[in-house]
$ cat input-v6.cif   # mmCIF, C-alpha atoms and all ligand atoms
data_input
loop_
_atom_site.group_PDB
_atom_site.id
_atom_site.type_symbol
_atom_site.label_atom_id
_atom_site.label_comp_id
_atom_site.auth_asym_id
_atom_site.auth_seq_id
_atom_site.Cartn_x
_atom_site.Cartn_y
_atom_site.Cartn_z
ATOM 1 C CA MET A 30 117.751 -57.928 10.219
ATOM 2 C CA ALA A 31 119.988 -58.673 13.164
ATOM 3 C CA ASP A 32 118.621 -58.287 16.655
ATOM 4 C CA ARG A 33 119.448 -54.796 17.867
ATOM 5 C CA ASP A 34 118.479 -51.850 20.015
ATOM 6 C CA GLY A 35 116.584 -49.087 18.307
ATOM 7 C CA LYS A 36 113.117 -47.934 17.349
ATOM 8 C CA ILE A 37 110.712 -48.617 14.513
ATOM 9 C CA TRP A 38 107.663 -46.466 13.791
ATOM 10 C CA MET A 39 104.673 -48.762 13.541
ATOM 11 C CA ASP A 40 101.076 -47.635 12.981
ATOM 12 C CA GLY A 41 101.595 -44.260 14.586
ATOM 13 C CA GLU A 42 103.799 -45.257 17.484
ATOM 14 C CA MET A 43 107.525 -45.574 18.056
ATOM 15 C CA VAL A 44 108.102 -49.150 19.228
ATOM 16 C CA ASP A 45 111.239 -51.006 20.303
ATOM 17 C CA TRP A 46 113.052 -52.719 17.396
ATOM 18 C CA ARG A 47 112.503 -56.135 19.016
ATOM 19 C CA ASP A 48 108.763 -55.551 19.477
ATOM 20 C CA ALA A 49 107.997 -54.519 15.874
ATOM 21 C CA LYS A 50 106.295 -57.832 15.018
ATOM 22 C CA ILE A 51 103.379 -59.020 12.897
ATOM 23 C CA HIS A 52 101.211 -62.153 12.826
ATOM 24 C CA VAL A 53 102.133 -65.118 10.602
ATOM 25 C CA LEU A 54 98.665 -64.949 9.046
ATOM 26 C CA SER A 55 99.224 -61.408 7.755
ATOM 27 C CA HIS A 56 97.593 -61.220 4.332
ATOM 28 C CA THR A 57 100.634 -59.603 2.644
ATOM 29 C CA LEU A 58 102.911 -62.427 3.806
ATOM 30 C CA HIS A 59 100.692 -64.905 1.921
ATOM 31 C CA TYR A 60 99.665 -63.031 -1.223
ATOM 32 C CA GLY A 61 102.254 -60.269 -1.586
ATOM 33 C CA CYS A 62 100.027 -57.200 -1.824
ATOM 34 C CA GLY A 63 101.948 -54.359 -0.198
ATOM 35 C CA ALA A 64 104.011 -51.334 -1.158
ATOM 36 C CA PHE A 65 107.258 -49.907 0.092
ATOM 37 C CA GLU A 66 109.878 -47.229 -0.372
ATOM 38 C CA GLY A 67 113.638 -47.038 -0.135
ATOM 39 C CA VAL A 68 114.839 -43.639 1.025
ATOM 40 C CA ARG A 69 118.225 -42.315 2.137
ATOM 41 C CA ALA A 70 119.300 -39.695 4.643
ATOM 42 C CA TYR A 71 122.755 -38.138 4.293
ATOM 43 C CA ASN A 72 125.005 -36.477 6.825
ATOM 44 C CA THR A 73 125.165 -33.015 5.253
ATOM 45 C CA GLU A 74 127.149 -30.067 6.633
ATOM 46 C CA ALA A 75 123.851 -28.568 7.802
ATOM 47 C CA GLY A 76 122.963 -31.791 9.641
ATOM 48 C CA THR A 77 121.276 -35.066 8.739
ATOM 49 C CA ALA A 78 118.791 -34.637 5.896
ATOM 50 C CA ILE A 79 116.465 -36.980 3.981
ATOM 51 C CA PHE A 80 116.881 -36.812 0.204
ATOM 52 C CA ARG A 81 113.717 -36.112 -1.826
ATOM 53 C CA LEU A 82 111.427 -37.147 1.034
ATOM 54 C CA LYS A 83 108.350 -35.621 -0.615
ATOM 55 C CA GLU A 84 108.880 -37.546 -3.866
ATOM 56 C CA HIS A 85 109.384 -40.837 -2.019
ATOM 57 C CA THR A 86 106.250 -40.340 0.071
ATOM 58 C CA ASP A 87 104.276 -39.353 -3.037
ATOM 59 C CA ARG A 88 105.446 -42.546 -4.764
ATOM 60 C CA LEU A 89 104.471 -44.650 -1.721
ATOM 61 C CA PHE A 90 100.947 -43.222 -1.853
ATOM 62 C CA ASN A 91 100.818 -43.731 -5.628
ATOM 63 C CA SER A 92 101.957 -47.338 -5.235
ATOM 64 C CA ALA A 93 99.217 -47.880 -2.635
ATOM 65 C CA LYS A 94 96.652 -46.223 -4.919
ATOM 66 C CA ILE A 95 97.608 -48.523 -7.803
ATOM 67 C CA LEU A 96 97.234 -51.508 -5.455
ATOM 68 C CA ARG A 97 93.890 -50.119 -4.182
ATOM 69 C CA MET A 98 95.203 -49.927 -0.627
ATOM 70 C CA ALA A 99 94.133 -46.980 1.513
ATOM 71 C CA ILE A 100 97.012 -45.844 3.731
ATOM 72 C CA PRO A 101 95.412 -44.734 7.012
ATOM 73 C CA PHE A 102 97.853 -41.830 7.505
ATOM 74 C CA SER A 103 98.388 -38.524 5.748
ATOM 75 C CA LYS A 104 101.499 -37.798 3.710
ATOM 76 C CA GLU A 105 102.525 -35.270 6.372
ATOM 77 C CA GLU A 106 102.308 -37.966 9.054
ATOM 78 C CA VAL A 107 104.396 -40.343 6.943
ATOM 79 C CA ASN A 108 107.010 -37.618 6.379
ATOM 80 C CA GLU A 109 107.127 -36.836 10.079
ATOM 81 C CA ALA A 110 107.397 -40.564 10.893
ATOM 82 C CA GLN A 111 110.485 -40.842 8.686
ATOM 83 C CA LYS A 112 112.165 -37.856 10.302
ATOM 84 C CA ALA A 113 111.278 -39.176 13.759
ATOM 85 C CA VAL A 114 112.762 -42.628 13.024
ATOM 86 C CA VAL A 115 116.109 -41.155 11.972
ATOM 87 C CA ARG A 116 116.183 -39.040 15.137
ATOM 88 C CA ALA A 117 115.051 -41.868 17.439
ATOM 89 C CA ASN A 118 117.841 -44.129 16.160
ATOM 90 C CA LYS A 119 120.416 -41.321 16.348
ATOM 91 C CA LEU A 120 121.471 -42.020 12.762
ATOM 92 C CA GLU A 121 123.669 -39.543 10.927
ATOM 93 C CA SER A 122 123.221 -41.188 7.534
ATOM 94 C CA CYS A 123 120.973 -44.134 6.823
ATOM 95 C CA TYR A 124 118.568 -46.013 4.599
ATOM 96 C CA LEU A 125 114.855 -45.756 5.414
ATOM 97 C CA ARG A 126 112.244 -48.362 4.650
ATOM 98 C CA PRO A 127 108.562 -47.372 4.822
ATOM 99 C CA LEU A 128 106.248 -50.345 4.137
ATOM 100 C CA THR A 129 102.504 -50.700 3.992
ATOM 101 C CA TRP A 130 100.857 -54.120 4.357
ATOM 102 C CA TYR A 131 97.591 -55.894 5.107
ATOM 103 C CA GLY A 132 96.893 -57.336 8.534
ATOM 104 C CA SER A 133 95.792 -60.816 9.607
ATOM 105 C CA GLU A 134 92.048 -60.310 10.067
ATOM 106 C CA LYS A 135 91.254 -62.710 7.229
ATOM 107 C CA LEU A 136 92.879 -64.797 4.488
ATOM 108 C CA GLY A 137 91.632 -65.522 0.963
ATOM 109 C CA VAL A 138 92.752 -63.573 -2.094
ATOM 110 C CA SER A 139 90.431 -60.627 -1.449
ATOM 111 C CA PRO A 140 92.146 -58.361 1.069
ATOM 112 C CA LYS A 141 88.855 -56.640 1.936
ATOM 113 C CA GLY A 142 88.313 -56.663 5.673
ATOM 114 C CA ASN A 143 92.005 -56.485 6.507
ATOM 115 C CA ARG A 144 93.493 -53.497 8.262
ATOM 116 C CA VAL A 145 96.159 -51.559 6.315
ATOM 117 C CA HIS A 146 99.317 -51.111 8.391
ATOM 118 C CA LEU A 147 102.341 -48.875 7.907
ATOM 119 C CA MET A 148 105.814 -48.981 9.375
ATOM 120 C CA VAL A 149 109.056 -47.047 8.922
ATOM 121 C CA ALA A 150 112.446 -48.527 9.861
ATOM 122 C CA ALA A 151 115.920 -47.036 9.366
ATOM 123 C CA TRP A 152 119.448 -48.364 9.634
ATOM 124 C CA ALA A 153 122.972 -47.495 8.533
ATOM 125 C CA TRP A 154 123.598 -48.933 5.070
ATOM 126 C CA GLY A 155 126.701 -48.225 2.980
ATOM 127 C CA ALA A 156 127.128 -48.585 -0.785
ATOM 128 C CA TYR A 157 124.541 -51.175 -1.965
ATOM 129 C CA LEU A 158 126.786 -52.554 -4.729
ATOM 130 C CA GLY A 159 129.988 -51.997 -2.751
ATOM 131 C CA GLU A 160 132.411 -49.062 -2.371
ATOM 132 C CA GLU A 161 134.634 -50.766 -4.917
ATOM 133 C CA GLY A 162 131.693 -50.957 -7.327
ATOM 134 C CA LEU A 163 131.128 -47.191 -7.051
ATOM 135 C CA LYS A 164 134.741 -46.561 -8.077
ATOM 136 C CA ARG A 165 135.541 -49.352 -10.535
ATOM 137 C CA GLY A 166 132.149 -50.381 -11.841
ATOM 138 C CA ILE A 167 130.272 -53.654 -11.496
ATOM 139 C CA ARG A 168 129.740 -56.741 -13.639
ATOM 140 C CA VAL A 169 126.185 -57.350 -14.808
ATOM 141 C CA LYS A 170 124.391 -60.310 -16.398
ATOM 142 C CA THR A 171 121.387 -60.081 -18.691
ATOM 143 C CA SER A 172 118.819 -62.143 -16.841
ATOM 144 C CA SER A 173 117.128 -65.235 -18.223
ATOM 145 C CA TYR A 174 114.036 -63.866 -16.424
ATOM 146 C CA THR A 175 111.866 -61.304 -18.241
ATOM 147 C CA ARG A 176 110.837 -58.075 -16.469
ATOM 148 C CA HIS A 177 107.139 -57.826 -15.665
ATOM 149 C CA HIS A 178 104.944 -56.895 -18.581
ATOM 150 C CA VAL A 179 103.158 -53.619 -17.819
ATOM 151 C CA ASN A 180 99.781 -55.357 -17.729
ATOM 152 C CA ILE A 181 100.839 -58.391 -15.701
ATOM 153 C CA THR A 182 101.783 -56.531 -12.591
ATOM 154 C CA MET A 183 101.761 -52.785 -12.120
ATOM 155 C CA THR A 184 105.281 -51.624 -12.845
ATOM 156 C CA GLN A 185 104.800 -48.050 -11.623
ATOM 157 C CA ALA A 186 104.002 -49.360 -8.145
ATOM 158 C CA LYS A 187 106.918 -50.203 -5.882
ATOM 159 C CA ALA A 188 104.946 -53.284 -4.943
ATOM 160 C CA VAL A 189 106.229 -56.030 -2.659
ATOM 161 C CA SER A 190 105.201 -58.757 -5.112
ATOM 162 C CA ASN A 191 107.158 -57.206 -8.006
ATOM 163 C CA TYR A 192 110.348 -58.123 -6.190
ATOM 164 C CA SER A 193 110.051 -61.913 -6.580
ATOM 165 C CA ASN A 194 111.066 -61.227 -10.197
ATOM 166 C CA SER A 195 113.976 -59.059 -8.981
ATOM 167 C CA ILE A 196 115.031 -61.707 -6.462
ATOM 168 C CA LEU A 197 115.118 -64.474 -9.095
ATOM 169 C CA ALA A 198 117.166 -62.312 -11.452
ATOM 170 C CA ASN A 199 119.545 -61.127 -8.736
ATOM 171 C CA MET A 200 120.102 -64.657 -7.356
ATOM 172 C CA GLU A 201 120.793 -66.027 -10.816
ATOM 173 C CA ALA A 202 123.314 -63.242 -11.501
ATOM 174 C CA LEU A 203 125.105 -63.702 -8.149
ATOM 175 C CA ASP A 204 125.188 -67.498 -8.500
ATOM 176 C CA ASP A 205 126.775 -67.030 -11.931
ATOM 177 C CA GLY A 206 129.489 -64.795 -10.455
ATOM 178 C CA TYR A 207 128.114 -61.357 -11.427
ATOM 179 C CA ASP A 208 127.262 -58.403 -9.188
ATOM 180 C CA GLU A 209 123.743 -57.629 -10.437
ATOM 181 C CA ALA A 210 121.137 -58.565 -13.050
ATOM 182 C CA LEU A 211 119.783 -56.583 -15.992
ATOM 183 C CA LEU A 212 116.235 -57.469 -17.009
ATOM 184 C CA LEU A 213 114.742 -57.178 -20.486
ATOM 185 C CA ASP A 214 111.063 -56.485 -21.090
ATOM 186 C CA ALA A 215 108.646 -58.956 -22.684
ATOM 187 C CA SER A 216 109.674 -57.686 -26.160
ATOM 188 C CA GLY A 217 113.366 -58.138 -25.435
ATOM 189 C CA PHE A 218 114.245 -54.473 -24.876
ATOM 190 C CA VAL A 219 116.279 -53.296 -21.906
ATOM 191 C CA SER A 220 114.112 -52.514 -18.885
ATOM 192 C CA GLU A 221 116.102 -52.086 -15.651
ATOM 193 C CA GLY A 222 118.273 -53.755 -13.033
ATOM 194 C CA ALA A 223 116.811 -55.885 -10.235
ATOM 195 C CA GLY A 224 116.642 -52.728 -8.098
ATOM 196 C CA GLU A 225 118.066 -49.992 -10.331
ATOM 197 C CA ASN A 226 117.373 -47.954 -13.450
ATOM 198 C CA ILE A 227 119.949 -48.123 -16.225
ATOM 199 C CA PHE A 228 121.631 -45.450 -18.351
ATOM 200 C CA VAL A 229 124.093 -45.751 -21.243
ATOM 201 C CA VAL A 230 126.451 -43.159 -22.692
ATOM 202 C CA LYS A 231 127.252 -43.155 -26.413
ATOM 203 C CA ASP A 232 129.074 -40.389 -28.297
ATOM 204 C CA GLY A 233 128.461 -37.928 -25.467
ATOM 205 C CA LYS A 234 124.678 -38.516 -25.301
ATOM 206 C CA ILE A 235 122.859 -40.279 -22.478
ATOM 207 C CA TYR A 236 120.174 -42.901 -23.128
ATOM 208 C CA THR A 237 117.749 -44.597 -20.751
ATOM 209 C CA PRO A 238 114.739 -46.851 -21.427
ATOM 210 C CA ASP A 239 111.372 -45.130 -21.424
ATOM 211 C CA LEU A 240 109.004 -46.327 -18.710
ATOM 212 C CA SER A 241 106.927 -48.425 -21.111
ATOM 213 C CA ALA A 242 109.736 -51.010 -20.801
ATOM 214 C CA GLY A 243 108.338 -51.717 -17.324
ATOM 215 C CA ALA A 244 111.021 -49.826 -15.402
ATOM 216 C CA LEU A 245 110.167 -48.069 -12.155
ATOM 217 C CA ASN A 246 110.044 -44.275 -12.361
ATOM 218 C CA GLY A 247 113.167 -43.928 -10.245
ATOM 219 C CA ILE A 248 113.731 -40.827 -8.169
ATOM 220 C CA THR A 249 117.490 -41.142 -8.730
ATOM 221 C CA ARG A 250 116.742 -41.490 -12.458
ATOM 222 C CA ASN A 251 114.921 -38.154 -12.253
ATOM 223 C CA THR A 252 117.810 -36.646 -10.276
ATOM 224 C CA VAL A 253 120.158 -37.709 -13.096
ATOM 225 C CA PHE A 254 117.872 -35.918 -15.594
ATOM 226 C CA HIS A 255 118.407 -32.687 -13.602
ATOM 227 C CA ILE A 256 122.171 -33.288 -13.354
ATOM 228 C CA CYS A 257 122.453 -33.864 -17.106
ATOM 229 C CA ALA A 258 120.523 -30.661 -17.826
ATOM 230 C CA ASP A 259 122.958 -28.789 -15.549
ATOM 231 C CA LEU A 260 125.963 -30.395 -17.277
ATOM 232 C CA GLY A 261 124.556 -29.695 -20.743
ATOM 233 C CA LEU A 262 124.252 -33.406 -21.517
ATOM 234 C CA GLU A 263 121.371 -34.523 -23.698
ATOM 235 C CA ILE A 264 119.204 -37.382 -22.364
ATOM 236 C CA VAL A 265 117.137 -39.525 -24.708
ATOM 237 C CA GLN A 266 114.449 -41.912 -23.399
ATOM 238 C CA LYS A 267 114.007 -44.706 -25.923
ATOM 239 C CA ARG A 268 113.889 -48.436 -26.513
ATOM 240 C CA ILE A 269 117.365 -49.885 -25.947
ATOM 241 C CA THR A 270 118.686 -53.294 -27.012
ATOM 242 C CA ARG A 271 121.209 -55.299 -25.002
ATOM 243 C CA ASP A 272 123.789 -55.069 -27.789
ATOM 244 C CA GLU A 273 123.566 -51.256 -27.677
ATOM 245 C CA ILE A 274 124.936 -51.627 -24.153
ATOM 246 C CA TYR A 275 127.764 -53.917 -25.328
ATOM 247 C CA ILE A 276 128.936 -51.194 -27.726
ATOM 248 C CA ALA A 277 128.184 -48.196 -25.471
ATOM 249 C CA ASP A 278 131.039 -45.992 -24.237
ATOM 250 C CA GLU A 279 129.784 -46.134 -20.648
ATOM 251 C CA ALA A 280 126.853 -47.500 -18.643
ATOM 252 C CA PHE A 281 125.620 -47.010 -15.091
ATOM 253 C CA PHE A 282 122.833 -48.007 -12.714
ATOM 254 C CA THR A 283 120.907 -45.553 -10.537
ATOM 255 C CA GLY A 284 118.845 -46.121 -7.412
ATOM 256 C CA THR A 285 118.410 -44.874 -3.880
ATOM 257 C CA ALA A 286 120.354 -47.852 -2.563
ATOM 258 C CA ALA A 287 122.726 -48.173 -5.562
ATOM 259 C CA GLU A 288 123.169 -44.359 -5.930
ATOM 260 C CA VAL A 289 125.138 -43.949 -9.211
ATOM 261 C CA THR A 290 127.038 -47.193 -9.856
ATOM 262 C CA PRO A 291 129.111 -47.629 -13.039
ATOM 263 C CA ILE A 292 128.734 -50.862 -15.039
ATOM 264 C CA ARG A 293 131.994 -52.126 -16.503
ATOM 265 C CA GLU A 294 130.809 -55.387 -18.087
ATOM 266 C CA LEU A 295 127.577 -56.862 -19.402
ATOM 267 C CA ASP A 296 127.512 -60.622 -20.077
ATOM 268 C CA ARG A 297 131.332 -60.699 -19.923
ATOM 269 C CA VAL A 298 131.503 -58.064 -22.674
ATOM 270 C CA GLN A 299 133.604 -55.080 -21.570
ATOM 271 C CA ILE A 300 131.806 -51.749 -21.837
ATOM 272 C CA GLY A 301 134.028 -48.925 -23.106
ATOM 273 C CA ALA A 302 137.342 -48.952 -21.248
ATOM 274 C CA GLY A 303 135.984 -51.421 -18.661
ATOM 275 C CA ALA A 304 136.125 -48.873 -15.860
ATOM 276 C CA ARG A 305 134.077 -45.952 -14.522
ATOM 277 C CA GLY A 306 133.749 -43.680 -17.548
ATOM 278 C CA PRO A 307 134.445 -39.920 -17.454
ATOM 279 C CA ILE A 308 130.803 -38.878 -17.980
ATOM 280 C CA THR A 309 129.579 -41.375 -15.381
ATOM 281 C CA GLU A 310 132.163 -39.971 -12.985
ATOM 282 C CA LYS A 311 130.919 -36.409 -13.573
ATOM 283 C CA ILE A 312 127.302 -37.424 -12.992
ATOM 284 C CA GLN A 313 128.231 -39.475 -9.930
ATOM 285 C CA SER A 314 130.200 -36.631 -8.439
ATOM 286 C CA ALA A 315 127.352 -34.141 -9.089
ATOM 287 C CA PHE A 316 124.955 -36.637 -7.492
ATOM 288 C CA PHE A 317 127.037 -36.932 -4.312
ATOM 289 C CA ASP A 318 127.357 -33.134 -4.152
ATOM 290 C CA ILE A 319 123.560 -32.794 -4.272
ATOM 291 C CA VAL A 320 122.698 -35.502 -1.718
ATOM 292 C CA ASN A 321 125.399 -34.282 0.649
ATOM 293 C CA GLY A 322 124.087 -30.701 0.519
ATOM 294 C CA ARG A 323 127.005 -29.238 -1.449
ATOM 295 C CA ASN A 324 124.845 -27.854 -4.272
ATOM 296 C CA PRO A 325 122.603 -24.973 -3.072
ATOM 297 C CA LYS A 326 120.451 -25.230 -6.209
ATOM 298 C CA TYR A 327 118.926 -28.436 -4.814
ATOM 299 C CA ALA A 328 118.698 -27.448 -1.131
ATOM 300 C CA ASP A 329 114.898 -27.970 -1.338
ATOM 301 C CA TRP A 330 115.456 -31.682 -1.978
ATOM 302 C CA LEU A 331 116.965 -32.100 1.486
ATOM 303 C CA THR A 332 114.679 -32.299 4.519
ATOM 304 C CA ARG A 333 116.461 -31.777 7.831
ATOM 305 C CA VAL A 334 115.412 -34.355 10.399
HETATM 306 N N1 LIG B 401 113.921 -50.000 -10.289
HETATM 307 C C1 LIG B 401 113.664 -50.834 -9.280
HETATM 308 C C2 LIG B 401 113.081 -52.166 -9.574
HETATM 309 C C3 LIG B 401 113.958 -50.474 -7.959
HETATM 310 O O1 LIG B 401 113.718 -51.311 -6.947
HETATM 311 C C4 LIG B 401 114.535 -49.207 -7.716
HETATM 312 C C5 LIG B 401 114.858 -48.795 -6.308
HETATM 313 N N2 LIG B 401 113.765 -48.189 -5.693
HETATM 314 C C6 LIG B 401 114.782 -48.369 -8.801
HETATM 315 C C7 LIG B 401 114.461 -48.797 -10.082
HETATM 316 C C8 LIG B 401 115.384 -47.001 -8.610
HETATM 317 O O2 LIG B 401 114.443 -46.152 -8.003
HETATM 318 P P1 LIG B 401 114.896 -44.970 -7.041
HETATM 319 O O3 LIG B 401 115.934 -44.216 -7.754
HETATM 320 O O4 LIG B 401 113.648 -44.184 -6.828
HETATM 321 O O5 LIG B 401 115.398 -45.584 -5.789
#
$ encode --input "input-v6.cif" --output "structure tokens" --more "lines below"
Ligand code: PMP
Amino acid sequence: MADRDGKIWMDGEMVDWRDAKIHVLSHTLHYGCGAFEGVRAYNTEAGTAIFRLKEHTDRLFNSAKILRMAIPFSKEEVNEAQKAVVRANKLESCYLRPLTWYGSEKLGVSPKGNRVHLMVAAWAWGAYLGEEGLKRGIRVKTSSYTRHHVNITMTQAKAVSNYSNSILANMEALDDGYDEALLLDASGFVSEGAGENIFVVKDGKIYTPDLSAGALNGITRNTVFHICADLGLEIVQKRITRDEIYIADEAFFTGTAAEVTPIRELDRVQIGAGARGPITEKIQSAFFDIVNGRNPKYADWLTRV
């Protein structure tokens, strides 16, 4: 991240952006055992508010539990840290990144004996897959890389090390002229994007892979479940093949960073009309109403900073 003014919460203290440093012998830097979150705060009419803060903090603690890391702070402290970082950086809307990692007390695969650290940073971050992508849809490539098998790495943890697989897939897709990668599981069924869950629309019904395909239990994915219930749209979680996406009416990615991004092409095959579909547009618009505080039903999902 570029050099800048600002504050980062690190191990219980608010430190200057430029001083938030770690040692090169940090265990996580060498072996990749760490967990993180991606959270967004929106500039709602009632003021800046973090979307589904509780669920993100719960997932961070679950990720740490799966990795057998003991976070030395309570969930309340981690929630307060996130609110404090948004305030300290005077951000109206932003992306937040909590991360927990092992210190540099000792190397060797066993992390025992290393201190567990936690930091929270925040910065302004617009549409992850581009404003244009939100409106027109993006072009996606089925990756030559397989998504993690559920017993190779722990797919319900938002673990640092899981992302080398995402990075390979994303780089391959970008180098080949696409916007993002779609990964299949070890059996060849659709899993998820490099940093997004996937949904398809066919004959008015919505389909998404069940989590046994190694997809992360996305908080935006869950938000879409609520939106579909409100809109009277049926959602089916099932195994999905890549060719079901080719012949779908619509498809879209979801994620905290990606929000609700339509997919207009997979592997150069046009999906539906090759534009943001009408059902995707409805879901996207309901999503932006909720995160921006325009739907009172979900006011509890917004935590004022
Ligand atoms: N899958 C992966 C691999 C991700 O990195 C993300 C982003 N956290 C998601 C799915 C979507 O999860 P969420 O909606 O909770 O951001």
$ resolve_selection --input "input-v6.cif" --expression "the PyMOL selection byres (((not hetatm)) within 7 of (chain B and resi 401))" --output "list in words"
Glu66, Gly67, Lys187, Ser195, Glu221, Gly222, Ala223, Gly224, Glu225, Asn226, Ala244, Leu245, Asn246, Gly247, Ile248, Thr249, Arg250, Thr283, Gly284, Thr285 and Ala286 of chain A
$ residues_around --input "input-v6.cif" --residues "region 212-217 of chain A" --least-positions-apart "3" --cutoff "9 Å" --atoms "all atoms listed in the file" --output "number ranges by chain"
A: 170-178, 195, 198, 220-223, 242-244, 270-271
$ residues_around --input "input-v6.cif" --residues "region 135-138 of chain A" --least-positions-apart "3" --cutoff "9 Å" --atoms "only C-alpha atoms" --output "PDB file with C-alpha atoms, in the frame of the given file"
ATOM      1  CA  LEU A  54      98.665 -64.949   9.046  1.00  0.00           C
ATOM      2  CA  SER A  55      99.224 -61.408   7.755  1.00  0.00           C
ATOM      3  CA  HIS A  56      97.593 -61.220   4.332  1.00  0.00           C
ATOM      4  CA  HIS A  59     100.692 -64.905   1.921  1.00  0.00           C
ATOM      5  CA  TYR A  60      99.665 -63.031  -1.223  1.00  0.00           C
ATOM      6  CA  GLY A 132      96.893 -57.336   8.534  1.00  0.00           C
ATOM      7  CA  LYS A 141      88.855 -56.640   1.936  1.00  0.00           C
ATOM      8  CA  GLY A 142      88.313 -56.663   5.673  1.00  0.00           C
ATOM      9  CA  ASN A 143      92.005 -56.485   6.507  1.00  0.00           C
TER      10      ASN A 143
END
$ closest_residue --input "input-v6.cif" --among "A:Asn91, A:Ser103, A:Asn321, A:Ser133" --to "Arg333 (chain A)" --atoms "all atoms listed in the file"
A:Asn321
$ residues_around --input "input-v6.cif" --residues "Thr57 (chain A)" --least-positions-apart "6" --cutoff "8 Å" --atoms "only C-alpha atoms" --output "CSV table (one decimal) with C-alpha atoms, keeping the file's coordinate frame"
chain,number,residue,atom,x,y,z
A,63,GLY,CA,101.9,-54.4,-0.2
A,130,TRP,CA,100.9,-54.1,4.4
A,131,TYR,CA,97.6,-55.9,5.1
A,132,GLY,CA,96.9,-57.3,8.5
$ resolve_selection --input "input-v6.cif" --expression "the PyMOL selection byres (((chain A and resi 257) around 12) and not hetatm)" --output "MDAnalysis selection string"
chainID A and resid 228 230 233:236 250:256 258:265 308:309 311:316
$ write_last_selection --input "input-v6.cif" --atoms "C-alpha atoms" --output "short mmCIF file (atom, residue, chain, number, x, y, z; two decimals), in the coordinates of the input"
data_model
loop_
_atom_site.label_atom_id
_atom_site.label_comp_id
_atom_site.auth_asym_id
_atom_site.auth_seq_id
_atom_site.Cartn_x
_atom_site.Cartn_y
_atom_site.Cartn_z
CA PHE A 228 121.63 -45.45 -18.35
CA VAL A 230 126.45 -43.16 -22.69
CA GLY A 233 128.46 -37.93 -25.47
CA LYS A 234 124.68 -38.52 -25.30
CA ILE A 235 122.86 -40.28 -22.48
CA TYR A 236 120.17 -42.90 -23.13
CA ARG A 250 116.74 -41.49 -12.46
CA ASN A 251 114.92 -38.15 -12.25
CA THR A 252 117.81 -36.65 -10.28
CA VAL A 253 120.16 -37.71 -13.10
CA PHE A 254 117.87 -35.92 -15.59
CA HIS A 255 118.41 -32.69 -13.60
CA ILE A 256 122.17 -33.29 -13.35
CA ALA A 258 120.52 -30.66 -17.83
CA ASP A 259 122.96 -28.79 -15.55
CA LEU A 260 125.96 -30.40 -17.28
CA GLY A 261 124.56 -29.70 -20.74
CA LEU A 262 124.25 -33.41 -21.52
CA GLU A 263 121.37 -34.52 -23.70
CA ILE A 264 119.20 -37.38 -22.36
CA VAL A 265 117.14 -39.52 -24.71
CA ILE A 308 130.80 -38.88 -17.98
CA THR A 309 129.58 -41.38 -15.38
CA LYS A 311 130.92 -36.41 -13.57
CA ILE A 312 127.30 -37.42 -12.99
CA GLN A 313 128.23 -39.48 -9.93
CA SER A 314 130.20 -36.63 -8.44
CA ALA A 315 127.35 -34.14 -9.09
CA PHE A 316 124.96 -36.64 -7.49
#
$ resolve_selection --input "input-v6.cif" --expression "the PyMOL selection byres (((chain A and resi 273) around 12) and not hetatm)" --output "compact mmCIF listing (two decimals) with C-alpha atoms, keeping the file's coordinate frame"
# COMPACT_ATOMS: atom_id res chain seq x y z
CA PHE A 218 114.24 -54.47 -24.88
CA VAL A 219 116.28 -53.30 -21.91
CA PHE A 228 121.63 -45.45 -18.35
CA VAL A 229 124.09 -45.75 -21.24
CA VAL A 230 126.45 -43.16 -22.69
CA LYS A 231 127.25 -43.16 -26.41
CA TYR A 236 120.17 -42.90 -23.13
CA THR A 237 117.75 -44.60 -20.75
CA PRO A 238 114.74 -46.85 -21.43
CA LYS A 267 114.01 -44.71 -25.92
CA ARG A 268 113.89 -48.44 -26.51
CA ILE A 269 117.36 -49.88 -25.95
CA THR A 270 118.69 -53.29 -27.01
CA ARG A 271 121.21 -55.30 -25.00
CA ASP A 272 123.79 -55.07 -27.79
CA ILE A 274 124.94 -51.63 -24.15
CA TYR A 275 127.76 -53.92 -25.33
CA ILE A 276 128.94 -51.19 -27.73
CA ALA A 277 128.18 -48.20 -25.47
CA ASP A 278 131.04 -45.99 -24.24
CA GLU A 279 129.78 -46.13 -20.65
CA ALA A 280 126.85 -47.50 -18.64
CA LEU A 295 127.58 -56.86 -19.40
CA VAL A 298 131.50 -58.06 -22.67
CA ILE A 300 131.81 -51.75 -21.84
CA GLY A 301 134.03 -48.92 -23.11
$ residues_around --input "input-v6.cif" --residues "region 75-79 of chain A" --least-positions-apart "3" --cutoff "12 Å" --atoms "only C-alpha atoms" --output "JSON, numbers by chain"
{"A": [67, 68, 69, 70, 71, 72, 82, 83, 84, 85, 86, 108, 109, 110, 111, 112, 113, 114, 115, 116, 119, 120, 121, 122, 123, 124, 125, 151, 285, 319, 320, 321, 322, 323, 325, 328, 329, 330, 331, 332, 333, 334]}
$ atom_distance --input "input-v6.cif" --atom1 "CA of Gly61 (chain A)" --atom2 "CA of Leu147 (chain A)"
14.8 Å
$ closest_residue --input "input-v6.cif" --among "A:Asp87, A:Lys104, A:Ala117, A:Leu58" --to "Gly35 (chain A)" --atoms "only C-alpha atoms"
A:Ala117
$ closest_residue --input "input-v6.cif" --among "A:Ile37, A:Ala302, A:Met98, A:Val289" --to "Ala156 (chain A)" --atoms "only C-alpha atoms"
A:Val289
$ closest_residue --input "input-v6.cif" --among "A:Tyr207, A:Tyr192, A:Trp154, A:Phe317" --to "Asp296 (chain A)" --atoms "only C-alpha atoms"
A:Tyr207
